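Trainee: For reference, this is input_16.tsv, and it has TSV, C-alpha atoms.
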chain	number	residue	atom	x	y	z
A	1145	MET	CA	7.34	50.70	7.77
A	1146	ALA	CA	11.04	51.56	8.26
A	1147	SER	CA	12.09	47.94	8.42
A	1148	ARG	CA	10.16	47.21	5.23
A	1149	LEU	CA	12.10	50.00	3.48
A	1150	LEU	CA	15.35	48.59	4.81
A	1151	ALA	CA	14.36	45.12	3.67
A	1152	SER	CA	13.52	46.27	0.16
A	1153	ARG	CA	16.82	48.24	-0.06
A	1154	ALA	CA	18.71	45.17	1.07
A	1155	ALA	CA	16.72	43.10	-1.38
A	1156	SER	CA	17.61	45.29	-4.36
A	1157	TYR	CA	21.25	45.27	-3.29
A	1158	PHE	CA	21.20	41.48	-3.45
A	1159	LYS	CA	19.14	41.55	-6.67
A	1160	ILE	CA	16.16	39.94	-5.03
A	1161	SER	CA	12.71	41.42	-5.51
A	1162	VAL	CA	10.48	40.82	-2.52
A	1163	PRO	CA	6.81	41.45	-3.25
A	1164	PHE	CA	4.99	43.06	-0.36
A	1165	ARG	CA	1.84	41.08	-0.76
A	1166	SER	CA	3.37	37.67	-0.30
A	1167	PHE	CA	6.48	36.33	1.33
A	1168	SER	CA	7.78	34.49	-1.74
A	1169	SER	CA	10.92	35.89	-3.27
A	1170	VAL	CA	11.75	36.01	-6.95
A	1171	VAL	CA	15.36	36.31	-8.11
A	1172	LYS	CA	16.21	38.51	-11.09
A	1173	ASP	CA	18.35	37.08	-13.92
A	1174	LEU	CA	16.81	33.62	-13.59
A	1175	LYS	CA	14.36	32.10	-16.04
A	1176	TYR	CA	11.12	30.58	-14.78
A	1177	ALA	CA	8.72	27.84	-15.89
A	1178	ASP	CA	4.98	27.98	-15.19
A	1179	SER	CA	5.39	24.82	-13.15
A	1180	HIS	CA	7.50	26.88	-10.70
A	1181	GLU	CA	11.01	25.70	-11.52
A	1182	TRP	CA	13.87	28.14	-12.13
A	1183	ALA	CA	16.87	27.88	-14.44
A	1184	LYS	CA	20.19	29.73	-13.99
A	1185	VAL	CA	22.01	29.78	-17.30
A	1186	GLU	CA	25.81	29.68	-17.33
A	1187	GLY	CA	27.21	29.22	-20.83
A	1188	ASN	CA	25.76	26.01	-22.19
A	1189	SER	CA	24.61	24.64	-18.87
A	1190	ALA	CA	21.68	25.48	-16.62
A	1191	THR	CA	21.28	24.91	-12.89
A	1192	ILE	CA	17.72	24.03	-11.99
A	1193	GLY	CA	15.66	24.17	-8.83
A	1194	ILE	CA	12.20	25.04	-7.58
A	1195	THR	CA	11.16	28.55	-6.64
A	1196	ASP	CA	10.43	30.07	-3.26
A	1197	HIS	CA	6.74	30.16	-4.23
A	1198	ALA	CA	6.88	26.44	-4.97
A	1199	GLN	CA	8.61	25.45	-1.74
A	1200	ASP	CA	6.20	27.56	0.28
A	1201	HIS	CA	3.20	25.88	-1.34
A	1202	LEU	CA	4.70	22.42	-0.87
A	1203	GLY	CA	5.43	22.51	2.82
A	1204	ASP	CA	8.46	20.91	4.47
A	1205	VAL	CA	10.30	18.77	1.95
A	1206	VAL	CA	11.25	15.41	3.48
A	1207	TYR	CA	12.57	13.64	0.39
A	1208	VAL	CA	13.93	14.52	-3.05
A	1209	GLU	CA	14.01	11.93	-5.82
A	1210	LEU	CA	17.01	12.79	-7.99
A	1211	PRO	CA	17.68	11.52	-11.50
A	1212	GLU	CA	20.90	9.71	-12.43
A	1213	VAL	CA	23.71	11.74	-13.97
A	1214	GLY	CA	23.69	11.28	-17.72
A	1215	VAL	CA	19.94	10.85	-18.23
A	1216	PRO	CA	18.23	13.05	-20.78
A	1217	VAL	CA	15.65	15.63	-19.69
A	1218	LYS	CA	12.98	17.25	-21.79
A	1219	GLN	CA	11.50	20.73	-21.43
A	1220	GLY	CA	8.22	20.46	-19.54
A	1221	ALA	CA	8.71	16.81	-18.64
A	1222	SER	CA	9.26	15.38	-15.17
A	1223	PHE	CA	12.82	14.49	-14.09
A	1224	GLY	CA	12.30	13.82	-10.39
A	1225	ALA	CA	10.03	14.49	-7.46
A	1226	VAL	CA	9.87	16.02	-4.01
A	1227	GLU	CA	7.85	14.71	-1.10
A	1228	SER	CA	6.22	16.93	1.51
A	1229	VAL	CA	3.14	16.52	3.72
A	1230	LYS	CA	2.57	13.00	2.37
A	1231	ALA	CA	2.41	14.34	-1.20
A	1232	THR	CA	4.90	13.56	-3.93
A	1233	SER	CA	5.07	16.33	-6.52
A	1234	ASP	CA	6.81	15.87	-9.86
A	1235	ILE	CA	9.49	18.38	-10.76
A	1236	ASN	CA	9.63	19.32	-14.44
A	1237	SER	CA	12.69	20.48	-16.34
A	1238	PRO	CA	12.52	24.01	-17.79
A	1239	VAL	CA	14.98	22.98	-20.52
A	1240	SER	CA	15.92	19.91	-22.55
A	1241	GLY	CA	19.36	18.37	-22.37
A	1242	LYS	CA	21.42	15.94	-20.32
A	1243	VAL	CA	21.86	15.82	-16.55
A	1244	ILE	CA	25.51	16.56	-15.76
A	1245	GLU	CA	25.31	16.95	-12.00
A	1246	VAL	CA	22.81	16.36	-9.19
A	1247	ASN	CA	22.79	17.92	-5.73
A	1248	GLU	CA	23.63	14.88	-3.57
A	1249	GLU	CA	23.33	17.01	-0.44
A	1250	LEU	CA	19.57	16.83	-0.86
A	1251	ASN	CA	19.69	13.13	0.04
A	1252	SER	CA	20.67	13.95	3.59
A	1253	SER	CA	19.27	17.47	3.76
A	1254	PRO	CA	16.08	17.69	1.68
A	1255	GLY	CA	15.07	20.77	3.71
A	1256	LEU	CA	17.61	22.84	1.75
A	1257	VAL	CA	14.92	23.10	-0.89
A	1258	ASN	CA	12.79	25.02	1.61
A	1259	GLY	CA	15.53	26.99	3.34
A	1260	SER	CA	17.56	27.97	0.29
A	1261	PRO	CA	15.51	27.30	-2.86
A	1262	TYR	CA	17.72	29.41	-5.17
A	1263	GLU	CA	21.14	28.58	-3.74
A	1264	LYS	CA	21.96	25.51	-1.63
A	1265	GLY	CA	18.66	23.84	-2.61
A	1266	TRP	CA	19.55	23.60	-6.32
A	1267	ILE	CA	18.50	20.23	-7.70
A	1268	ILE	CA	20.23	19.37	-10.99
A	1269	LYS	CA	22.60	20.85	-13.57
A	1270	VAL	CA	21.79	20.28	-17.24
A	1271	GLU	CA	23.87	20.59	-20.39
A	1272	MET	CA	21.35	22.30	-22.62
A	1273	LYS	CA	20.33	20.89	-25.95
A	1274	ASP	CA	18.78	24.01	-27.44
A	1275	LYS	CA	19.22	27.44	-25.88
A	1276	CYS	CA	16.25	28.74	-27.88
A	1277	GLU	CA	14.02	26.92	-25.42
A	1278	LEU	CA	14.90	29.64	-22.90
A	1279	ASN	CA	12.73	32.03	-24.91
A	1280	SER	CA	9.60	30.19	-23.85
A	1281	LEU	CA	10.44	30.70	-20.16
A	1282	MET	CA	9.43	33.72	-18.07
A	1283	ASP	CA	11.73	36.38	-16.69
A	1284	SER	CA	11.46	37.42	-13.04
A	1285	ASP	CA	8.82	40.15	-13.60
A	1286	GLN	CA	6.61	37.87	-15.67
A	1287	TYR	CA	6.97	35.07	-13.13
A	1288	TYR	CA	6.08	37.40	-10.26
A	1289	LYS	CA	2.87	38.43	-12.06
A	1290	PHE	CA	2.14	34.78	-12.87
A	1291	CYS	CA	2.36	33.85	-9.19
A	1292	GLU	CA	0.06	36.70	-8.23
A	1293	GLU	CA	-2.57	35.52	-10.73
A	1294	GLU	CA	-2.32	31.93	-9.58
A	1295	ASP	CA	-2.63	32.84	-5.92
A	1296	SER	CA	-5.71	34.96	-6.56
A	1297	LYS	CA	-7.61	31.95	-7.88
A	1298	HIS	CA	-8.76	30.78	-4.48
B	197	MET	CA	-17.30	36.22	-10.72
B	198	ARG	CA	-16.63	32.62	-9.81
B	199	VAL	CA	-16.36	30.22	-12.72
B	200	PRO	CA	-18.68	27.22	-12.13
B	201	ARG	CA	-16.58	24.19	-11.28
B	202	ASN	CA	-17.56	20.74	-12.40
B	203	LEU	CA	-16.89	17.50	-10.58
B	204	GLU	CA	-17.71	14.03	-11.79
B	205	VAL	CA	-18.12	11.59	-8.91
B	206	TRP	CA	-17.64	7.86	-9.55
B	207	LYS	CA	-19.17	5.62	-6.89
B	208	MET	CA	-17.34	2.37	-7.40
B	209	GLY	CA	-18.03	-0.01	-4.52
B	210	THR	CA	-15.14	-2.43	-3.84
B	211	VAL	CA	-12.31	-2.22	-6.33
B	212	SER	CA	-8.97	-4.03	-6.55
B	213	TYR	CA	-6.02	-1.77	-5.78
B	214	LEU	CA	-4.29	-2.41	-9.09
B	215	ASP	CA	-7.42	-1.72	-11.12
B	216	ALA	CA	-7.92	1.56	-9.26
B	217	LEU	CA	-4.26	2.48	-9.85
B	218	LYS	CA	-4.53	1.87	-13.59
B	219	LEU	CA	-7.77	3.80	-13.76
B	220	GLN	CA	-6.21	6.75	-11.95
B	221	GLU	CA	-3.24	6.80	-14.33
B	222	LYS	CA	-5.62	6.99	-17.27
B	223	LEU	CA	-7.75	9.69	-15.64
B	224	VAL	CA	-4.69	11.79	-14.72
B	225	SER	CA	-3.51	11.64	-18.32
B	226	ASP	CA	-6.98	12.61	-19.59
B	227	ARG	CA	-7.26	15.43	-17.05
B	228	LYS	CA	-3.83	16.78	-18.05
B	229	ALA	CA	-5.01	16.87	-21.66
B	230	ASN	CA	-8.25	18.55	-20.55
B	231	LYS	CA	-10.34	15.70	-21.97
B	232	ILE	CA	-12.24	15.32	-18.71
B	233	SER	CA	-13.31	17.51	-15.83
B	234	ASP	CA	-12.14	17.12	-12.25
B	235	THR	CA	-13.12	13.63	-11.13
B	236	LEU	CA	-13.56	12.00	-7.73
B	237	LEU	CA	-13.41	8.25	-7.17
B	238	SER	CA	-15.25	6.95	-4.10
B	239	LEU	CA	-14.52	3.33	-3.24
B	240	GLN	CA	-13.22	0.65	-0.87
B	241	HIS	CA	-10.43	-1.89	-1.34
B	242	LEU	CA	-9.94	-5.51	-0.34
B	243	PRO	CA	-7.19	-5.93	2.30
B	244	THR	CA	-4.14	-4.24	0.82
B	245	TYR	CA	-0.92	-2.81	2.21
B	246	THR	CA	0.63	-0.03	0.16
B	247	LEU	CA	3.99	1.71	0.20
B	248	GLY	CA	4.86	5.17	-1.04
B	249	LYS	CA	7.64	6.46	-3.25
B	250	ARG	CA	10.22	6.13	-0.49
B	251	ARG	CA	9.56	2.37	-0.35
B	252	THR	CA	9.73	2.18	3.44
B	253	ASP	CA	9.18	-1.56	3.55
B	254	HIS	CA	11.02	-1.82	6.87
B	255	ASN	CA	7.67	-0.66	8.28
B	256	LEU	CA	6.01	-3.90	7.18
B	257	LEU	CA	6.39	-6.11	10.24
B	258	ILE	CA	5.62	-9.47	8.67
B	259	PRO	CA	7.42	-11.07	5.73
B	260	GLU	CA	5.85	-10.40	2.34
B	261	SER	CA	5.45	-14.14	1.83
B	262	ALA	CA	3.15	-14.31	4.87
B	263	LEU	CA	0.68	-11.77	3.50
B	264	LYS	CA	-1.34	-14.36	1.64
B	265	TYR	CA	-2.11	-16.12	4.93
B	266	ILE	CA	-3.84	-13.01	6.20
B	267	GLY	CA	-5.56	-12.43	2.88
B	268	ALA	CA	-3.74	-9.23	1.99
B	269	GLU	CA	-1.82	-7.86	-1.01
B	270	LEU	CA	1.12	-5.46	-1.09
B	271	HIS	CA	1.63	-2.69	-3.66
B	272	TYR	CA	4.40	-0.18	-4.25
B	273	THR	CA	3.18	3.20	-5.47
B	274	GLN	CA	4.41	6.67	-6.41
B	275	ARG	CA	2.35	8.48	-3.82
B	276	GLY	CA	3.76	10.38	-0.88
B	277	GLY	CA	3.59	9.00	2.61
B	278	ASP	CA	4.67	5.81	4.32
B	279	ILE	CA	3.11	2.36	4.59
B	280	THR	CA	-0.62	2.03	5.14
B	281	PHE	CA	-3.46	-0.45	5.07
B	282	HIS	CA	-6.67	-0.34	3.06
B	283	GLY	CA	-9.55	-2.74	3.54
B	284	PRO	CA	-13.30	-3.25	3.64
B	285	ARG	CA	-15.24	-0.66	5.71
B	286	GLN	CA	-12.63	2.02	5.03
B	287	ALA	CA	-13.93	4.87	2.88
B	288	ILE	CA	-11.50	5.99	0.21
B	289	LEU	CA	-11.57	9.09	-1.97
B	290	TYR	CA	-9.20	9.50	-4.90
B	291	PRO	CA	-9.62	13.03	-6.30
B	292	ILE	CA	-8.20	13.52	-9.79
B	293	ILE	CA	-8.27	17.30	-9.89
B	294	SER	CA	-6.23	20.13	-11.32
B	295	LEU	CA	-4.61	22.07	-8.49
B	296	ARG	CA	-3.39	24.72	-10.92
B	297	ASP	CA	-6.96	25.57	-11.92
B	298	ILE	CA	-7.75	26.44	-8.32
B	299	GLY	CA	-4.34	27.86	-7.40
B	300	LEU	CA	-3.67	25.32	-4.63
B	301	GLY	CA	-0.28	23.94	-3.67
B	302	ALA	CA	0.40	20.54	-2.12
B	303	ARG	CA	0.25	21.83	1.45
B	304	ASN	CA	-3.14	23.56	1.10
B	305	TYR	CA	-4.54	20.62	-0.83
B	306	VAL	CA	-3.57	18.15	1.87
B	307	GLU	CA	-4.95	20.47	4.57
B	308	LYS	CA	-8.29	20.48	2.76
B	309	LEU	CA	-8.25	16.68	2.55
B	310	GLU	CA	-7.64	16.59	6.31
B	311	LEU	CA	-10.50	19.02	6.85
B	312	THR	CA	-12.79	16.85	4.70
B	313	MET	CA	-12.32	13.96	7.11
B	314	ILE	CA	-12.48	16.21	10.19
B	315	ARG	CA	-15.84	17.55	9.02
B	316	LEU	CA	-17.16	14.06	8.39
B	317	ALA	CA	-16.13	12.95	11.86
B	318	SER	CA	-17.85	15.99	13.37
B	319	LEU	CA	-21.15	14.89	11.78
B	320	TYR	CA	-21.01	12.04	14.28
B	321	GLY	CA	-19.94	14.20	17.19
B	322	VAL	CA	-16.34	13.02	16.94
B	323	LYS	CA	-13.76	15.73	17.53
B	324	ALA	CA	-10.90	15.01	15.17
B	325	ASN	CA	-7.92	17.16	14.32
B	326	ALA	CA	-5.08	17.41	11.84
B	327	GLY	CA	-1.75	16.03	12.97
B	328	GLN	CA	1.19	17.95	14.36
B	329	LYS	CA	3.96	18.98	11.97
B	330	GLY	CA	5.20	15.94	10.12
B	331	GLU	CA	2.18	13.87	11.10
B	332	THR	CA	-0.17	14.46	8.18
B	333	GLY	CA	-3.50	12.76	8.72
B	334	VAL	CA	-6.54	13.00	10.93
B	335	TRP	CA	-6.41	12.07	14.60
B	336	VAL	CA	-8.86	11.56	17.45
B	337	ARG	CA	-6.79	12.37	20.51
B	338	GLU	CA	-3.65	10.31	19.84
B	339	LYS	CA	-5.24	7.76	17.52
B	340	LYS	CA	-5.31	7.96	13.75
B	341	ILE	CA	-8.70	7.77	12.08
B	342	GLY	CA	-7.82	9.01	8.60
B	343	ALA	CA	-4.74	8.76	6.39
B	344	ILE	CA	-3.52	10.72	3.40
B	345	GLY	CA	-1.12	9.88	0.59
B	346	VAL	CA	-1.08	11.93	-2.57
B	347	ARG	CA	0.68	12.18	-5.89
B	348	ILE	CA	0.80	15.41	-7.87
B	349	SER	CA	1.93	15.25	-11.47
B	350	SER	CA	1.95	18.46	-13.52
B	351	GLY	CA	-0.53	19.84	-11.04
B	352	ILE	CA	-2.98	16.91	-11.32
B	353	THR	CA	-3.69	14.90	-8.17
B	354	SER	CA	-4.11	11.17	-7.70
B	355	HIS	CA	-4.35	8.83	-4.70
B	356	GLY	CA	-5.97	10.69	-1.79
B	357	LEU	CA	-7.49	9.89	1.55
B	358	ALA	CA	-8.68	6.86	3.53
B	359	PHE	CA	-11.13	7.19	6.42
B	360	ASN	CA	-11.71	4.33	8.87
B	361	ILE	CA	-15.44	3.66	9.21
B	362	ASP	CA	-15.06	0.21	10.75
B	363	PRO	CA	-12.22	-1.72	9.10
B	364	ASN	CA	-10.58	-4.68	10.82
B	365	LEU	CA	-7.96	-2.79	12.83
B	366	GLU	CA	-6.00	-6.00	13.50
B	367	TYR	CA	-4.44	-5.57	10.05
B	368	PHE	CA	-2.70	-2.41	11.29
B	369	LYS	CA	-0.76	-4.49	13.81
B	370	HIS	CA	1.41	-5.85	10.99
B	371	ILE	CA	2.76	-2.41	10.05
B	372	VAL	CA	4.14	0.71	11.66
B	373	PRO	CA	1.25	2.80	10.32
B	374	CYS	CA	2.51	5.74	8.29
B	375	GLY	CA	5.93	5.11	9.81
B	376	ILE	CA	4.88	6.61	13.14
B	377	ALA	CA	5.59	4.15	15.95
B	378	ASP	CA	3.71	4.23	19.28
B	379	LYS	CA	0.60	5.71	17.78
B	380	GLU	CA	-2.60	3.69	17.52
B	381	VAL	CA	-5.32	3.65	14.94
B	382	THR	CA	-9.02	4.01	15.51
B	383	SER	CA	-12.25	4.08	13.54
B	384	LEU	CA	-15.55	5.92	13.51
B	385	ARG	CA	-17.19	2.80	14.95
B	386	ARG	CA	-14.85	2.88	17.94
B	387	GLU	CA	-15.39	6.56	18.59
B	388	VAL	CA	-19.19	6.71	18.58
B	389	ASP	CA	-21.84	5.12	20.77
B	390	LEU	CA	-24.67	5.13	18.29
B	391	VAL	CA	-25.32	2.64	15.48
B	392	LEU	CA	-23.70	3.83	12.28
B	393	PRO	CA	-25.72	4.06	9.04
B	394	ASP	CA	-24.74	1.97	6.01
B	395	ASP	CA	-21.31	2.64	4.52
B	396	GLU	CA	-23.02	4.08	1.44
B	397	VAL	CA	-24.48	6.87	3.53
B	398	ILE	CA	-21.12	7.66	5.08
B	399	HIS	CA	-19.45	7.66	1.65
B	400	GLU	CA	-22.11	10.17	0.48
B	401	GLN	CA	-21.39	12.39	3.46
B	402	LEU	CA	-17.65	12.19	2.85
B	403	ILE	CA	-18.18	13.18	-0.79
B	404	SER	CA	-20.43	16.03	0.33
B	405	CYS	CA	-17.79	17.38	2.71
B	406	PHE	CA	-15.22	17.22	-0.09
B	407	VAL	CA	-17.48	18.98	-2.60
B	408	ARG	CA	-18.24	21.80	-0.18
B	409	LEU	CA	-14.65	22.30	0.95
B	410	PHE	CA	-13.31	22.40	-2.57
B	411	GLY	CA	-16.08	24.65	-3.85
B	412	PHE	CA	-17.45	22.52	-6.65
B	413	SER	CA	-20.73	23.93	-7.91
B	414	ASN	CA	-21.72	21.28	-10.45
B	415	VAL	CA	-21.63	17.65	-9.38
B	416	ILE	CA	-22.45	14.73	-11.67
B	417	SER	CA	-22.67	11.26	-10.16
B	418	LYS	CA	-21.77	8.02	-11.91
B	419	GLU	CA	-22.89	4.85	-10.18
B	420	ASN	CA	-20.94	1.64	-10.89
B	421	PRO	CA	-18.96	3.05	-13.79
B	422	PRO	CA	-16.83	0.55	-15.81
B	423	ILE	CA	-13.52	0.18	-14.00
B	424	LEU	CA	-11.49	-0.12	-17.16
B	425	LEU	CA	-12.32	2.29	-19.93
B	426	ASP	CA	-12.52	0.68	-23.33
B	427	ASP	CA	-10.08	2.55	-25.57
B	428	ALA	CA	-11.90	1.39	-28.67
B	429	LYS	CA	-14.98	3.38	-27.67
B	430	ARG	CA	-13.08	6.70	-27.67
B	431	GLU	CA	-12.98	8.66	-30.90
What do you get writing this file as structure tokens?
Mentor:
Amino acid sequence: MASRLLASRAASYFKISVPFRSFSSVVKDLKYADSHEWAKVEGNSATIGITDHAQDHLGDVVYVELPEVGVPVKQGASFGAVESVKATSDINSPVSGKVIEVNEELNSSPGLVNGSPYEKGWIIKVEMKDKCELNSLMDSDQYYKFCEEEDSKH
Amino acid sequence: MRVPRNLEVWKMGTVSYLDALKLQEKLVSDRKANKISDTLLSLQHLPTYTLGKRRTDHNLLIPESALKYIGAELHYTQRGGDITFHGPRQAILYPIISLRDIGLGARNYVEKLELTMIRLASLYGVKANAGQKGETGVWVREKKIGAIGVRISSGITSHGLAFNIDPNLEYFKHIVPCGIADKEVTSLRREVDLVLPDDEVIHEQLISCFVRLFGFSNVISKENPPILLDDAKRE
């Protein structure tokens, strides 16, 4: 009990909300898509990755298929894929725009997606086409509830 | 209260790999658009080697040009997993289902596919198990009896599992199966003493194990459905 209290205090200090029922973490101040990708908005660009919930449900990532820099991405459409447990899963972009940077580190260390889904495991950076698209994404509280509902389906 | 879940099962006999691939692409698109229910394809292929998204063709041990002499094709696909072989007497299931509707992720889905084959093997008294970490598939002691390679696109699955009833295992000698060296393959035929029933019966049992594991309550069967759907017939 005491360590849980300590953990949740540490979590709020770092702006991470850790639900007690599951082990997946949700980071405040990020936007979330219902296909379990997150977007961190900085000015006109957004860094994109997959959430802790997503990486947990995928299993150990052994390969990440990255797009080329310069290609367009569309909100809700696939821009790459991850492979885990003999399954390739498409990753969809939460926003439309142009890819301005990809995380090359994932070529040699795909496991960063599992170990650090919100930080070192970022996947691409996008120059956004239309910031209004962010309004159709979820905030951290909505995403947390969404995950709970999804997980209760089975 | 559980919502009744529908599954349409297509029993297709022997189908060319390319035809099955095209059919799956169409079904995935239809499933995404909610035009069809979850669907399961049950079939066998002619001798075919397939590669996954990572294109690990260094695991094909004979030159591509020599494949025709052993009567086999080679196809590159978008599924996960390494190189594998499909052929007659190997039971294949390609589920086209919505994982989001049942709240499953890739890992749980693949575990259930493994369990489907483990349960089938147990019907014949064969004790099979899922692989160690990084060795997805179904094993009898150290030999592989069932393989898995899946694609998930917007939460809809395609490709699936392949279970060795009694395929010609010689074909596996030309590859490093699933990229795991020093591991052999086996089949149901090799693991049991009794005479096996017809493949059709085993396919039925495999489908049954799948249906039960995935909790489908309503199953509709389609025998020998047309492999290519005529677009003109759709409204």
Trainee: Pick out the residues sitting within 10 Å of Ala358 (chain B), and hand them over as a PyMOL selection string; count all atoms listed in the file, and ignore anything fewer than 6 positions along from it in its own chain.
Mentor: chain B and resi 239-240+280-283+286-290+309+313+333-334+341-345
Trainee: Per residue of chain B within 6 Å of chain A, record the nearest atom pair and its distance in Å to one decimal, counting only C-alpha atoms, with rows in chain order and ascending residue number, as JSON lines.
Mentor:
{"residue": "B:Arg275", "atom": "CA", "partner": "A:Thr1232", "partner_atom": "CA", "distance": 5.7}
{"residue": "B:Gly276", "atom": "CA", "partner": "A:Ala1231", "partner_atom": "CA", "distance": 4.2}
{"residue": "B:Gly277", "atom": "CA", "partner": "A:Lys1230", "partner_atom": "CA", "distance": 4.1}
{"residue": "B:Ile298", "atom": "CA", "partner": "A:Lys1297", "partner_atom": "CA", "distance": 5.5}
{"residue": "B:Gly299", "atom": "CA", "partner": "A:Glu1294", "partner_atom": "CA", "distance": 5.0}
{"residue": "B:Gly301", "atom": "CA", "partner": "A:His1201", "partner_atom": "CA", "distance": 4.6}
{"residue": "B:Ala302", "atom": "CA", "partner": "A:Leu1202", "partner_atom": "CA", "distance": 4.9}
{"residue": "B:Arg303", "atom": "CA", "partner": "A:Leu1202", "partner_atom": "CA", "distance": 5.1}
{"residue": "B:Thr332", "atom": "CA", "partner": "A:Val1229", "partner_atom": "CA", "distance": 5.9}
{"residue": "B:Gly345", "atom": "CA", "partner": "A:Lys1230", "partner_atom": "CA", "distance": 5.1}
{"residue": "B:Val346", "atom": "CA", "partner": "A:Ala1231", "partner_atom": "CA", "distance": 4.5}
{"residue": "B:Arg347", "atom": "CA", "partner": "A:Thr1232", "partner_atom": "CA", "distance": 4.9}
{"residue": "B:Ile348", "atom": "CA", "partner": "A:Ser1233", "partner_atom": "CA", "distance": 4.6}
{"residue": "B:Ser349", "atom": "CA", "partner": "A:Asp1234", "partner_atom": "CA", "distance": 5.2}
Trainee: Name the closest residue to Leu223 (chain B) among the candidates B:Ile293, B:Leu357, B:Val388, B:Ala324; distances are taken between atoms, counting all atoms listed in the file.
Mentor: B:Ile293
Trainee: Any idea what the distance is between CA of Ser1284 (chain A) and CA of Pro1238 (chain A)?
Mentor: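 Result for CA of Ser1284 (chain A) versus CA of Pro1238 (chain A): 14.3 Å, one decimal.
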Trainee: So that I can see what lies close to Gly209 (chain B), please list as a VMD selection string the residues with an atom at most 10 Å from it, counting all atoms listed in the file and leaving out residues fewer than 5 positions away in the same chain.
Mentor: chain B and resid 237 to 241 284 287 395 to 396 399 419 to 421
Trainee: Identify, on the basis of only C-alpha atoms, every residue whose closest approach to Ala1177 (chain A) does not exceed 6 Å; exclude the query and any residue fewer than 3 positions from it along the same chain; express the result as number ranges by chain.
Mentor: A: 1180-1181, 1238, 1281
Trainee: With C-alpha atoms retained, write the just-selected residues as a compact mmCIF listing (two decimals), in the coordinates of the input.
Mentor:
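Below you can see result-v5.txt, which holds the result:
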# COMPACT_ATOMS: atom_id res chain seq x y z
CA HIS A 1180 7.50 26.88 -10.70
CA GLU A 1181 11.01 25.70 -11.52
CA PRO A 1238 12.52 24.01 -17.79
CA LEU A 1281 10.44 30.70 -20.16
Trainee: Could you please determine the separation between CA of Lys340 (chain B) and CA of Val381 (chain B) in Å, to one decimal place?
Mentor: 4.5 Å
Trainee: What's around Asn325 (chain B) at 7 Å? Count all atoms listed in the file, leave out sequence neighbours fewer than 6 positions away in its own chain, and write the answer as a list in words.
Mentor: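 Selected residues are Ile314, Val334, Trp335 and Val336 of chain B.
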Trainee: Which one is closest to Ser212 (chain B): B:Asp278, B:Glu269, B:Asp253, B:Glu338? Count all atoms listed in the file.
Mentor: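 Once distances to Ser212 (chain B) are computed over all atoms listed in the file, the minimum belongs to B:Glu269.
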Trainee: Please report the interatomic distance between CA of Ala268 (chain B) and CA of Thr210 (chain B) in Å with one decimal.
Mentor: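 Separation of CA of Ala268 (chain B) and CA of Thr210 (chain B): 14.5 Å.
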Trainee: Using all atoms listed in the file, which residue out of A:Trp1182, A:Asp1196, A:Gly1187, A:Val1239 lies closest to Cys1276 (chain A)?
Mentor: A:Val1239
Trainee: What's the 12 Å shell around Ser1253 (chain A), counting only C-alpha atoms, without same-chain residues fewer than 5 positions away, as a list in words?
Mentor: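 Here the answer would be Asp1204, Val1205, Val1206, Tyr1207, Val1208, Asn1247, Glu1248, Asn1258, Gly1259, Ser1260, Lys1264, Gly1265, Trp1266 and Ile1267 of chain A.
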Trainee: Just checking: using only C-alpha atoms, which residue out of B:Lys418, B:Arg285, B:Lys308, B:Lys339 ends up closest to Arg385 (chain B)?
Mentor: B:Arg285
Trainee: Regenerate region 1235-1241 of chain A at the level of N, CA, C and O atoms and dump it as a PDB file, keeping the file's coordinate frame.
Mentor:
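rebuild.pdb written:
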ATOM      1  N   ILE A1235       8.787  17.159 -10.383  1.00  0.00           N
ATOM      2  CA  ILE A1235       9.490  18.380 -10.760  1.00  0.00           C
ATOM      3  C   ILE A1235       9.768  18.266 -12.256  1.00  0.00           C
ATOM      4  O   ILE A1235      10.250  17.232 -12.733  1.00  0.00           O
ATOM      5  N   ASN A1236       9.448  19.330 -12.982  1.00  0.00           N
ATOM      6  CA  ASN A1236       9.630  19.320 -14.440  1.00  0.00           C
ATOM      7  C   ASN A1236      10.842  20.144 -14.828  1.00  0.00           C
ATOM      8  O   ASN A1236      11.164  21.144 -14.190  1.00  0.00           O
ATOM      9  N   SER A1237      11.509  19.751 -15.891  1.00  0.00           N
ATOM     10  CA  SER A1237      12.690  20.480 -16.340  1.00  0.00           C
ATOM     11  C   SER A1237      12.294  21.666 -17.213  1.00  0.00           C
ATOM     12  O   SER A1237      11.499  21.510 -18.140  1.00  0.00           O
ATOM     13  N   PRO A1238      12.843  22.856 -16.947  1.00  0.00           N
ATOM     14  CA  PRO A1238      12.520  24.010 -17.790  1.00  0.00           C
ATOM     15  C   PRO A1238      13.220  23.955 -19.145  1.00  0.00           C
ATOM     16  O   PRO A1238      12.856  24.699 -20.051  1.00  0.00           O
ATOM     17  N   VAL A1239      14.242  23.075 -19.250  1.00  0.00           N
ATOM     18  CA  VAL A1239      14.980  22.980 -20.520  1.00  0.00           C
ATOM     19  C   VAL A1239      15.255  21.511 -20.846  1.00  0.00           C
ATOM     20  O   VAL A1239      15.259  20.661 -19.965  1.00  0.00           O
ATOM     21  N   SER A1240      15.535  21.266 -22.124  1.00  0.00           N
ATOM     22  CA  SER A1240      15.920  19.910 -22.550  1.00  0.00           C
ATOM     23  C   SER A1240      17.431  19.785 -22.530  1.00  0.00           C
ATOM     24  O   SER A1240      18.142  20.784 -22.711  1.00  0.00           O
ATOM     25  N   GLY A1241      17.920  18.574 -22.339  1.00  0.00           N
ATOM     26  CA  GLY A1241      19.360  18.370 -22.370  1.00  0.00           C
ATOM     27  C   GLY A1241      19.739  17.099 -21.630  1.00  0.00           C
ATOM     28  O   GLY A1241      18.975  16.135 -21.607  1.00  0.00           O
TER      29      GLY A1241
END
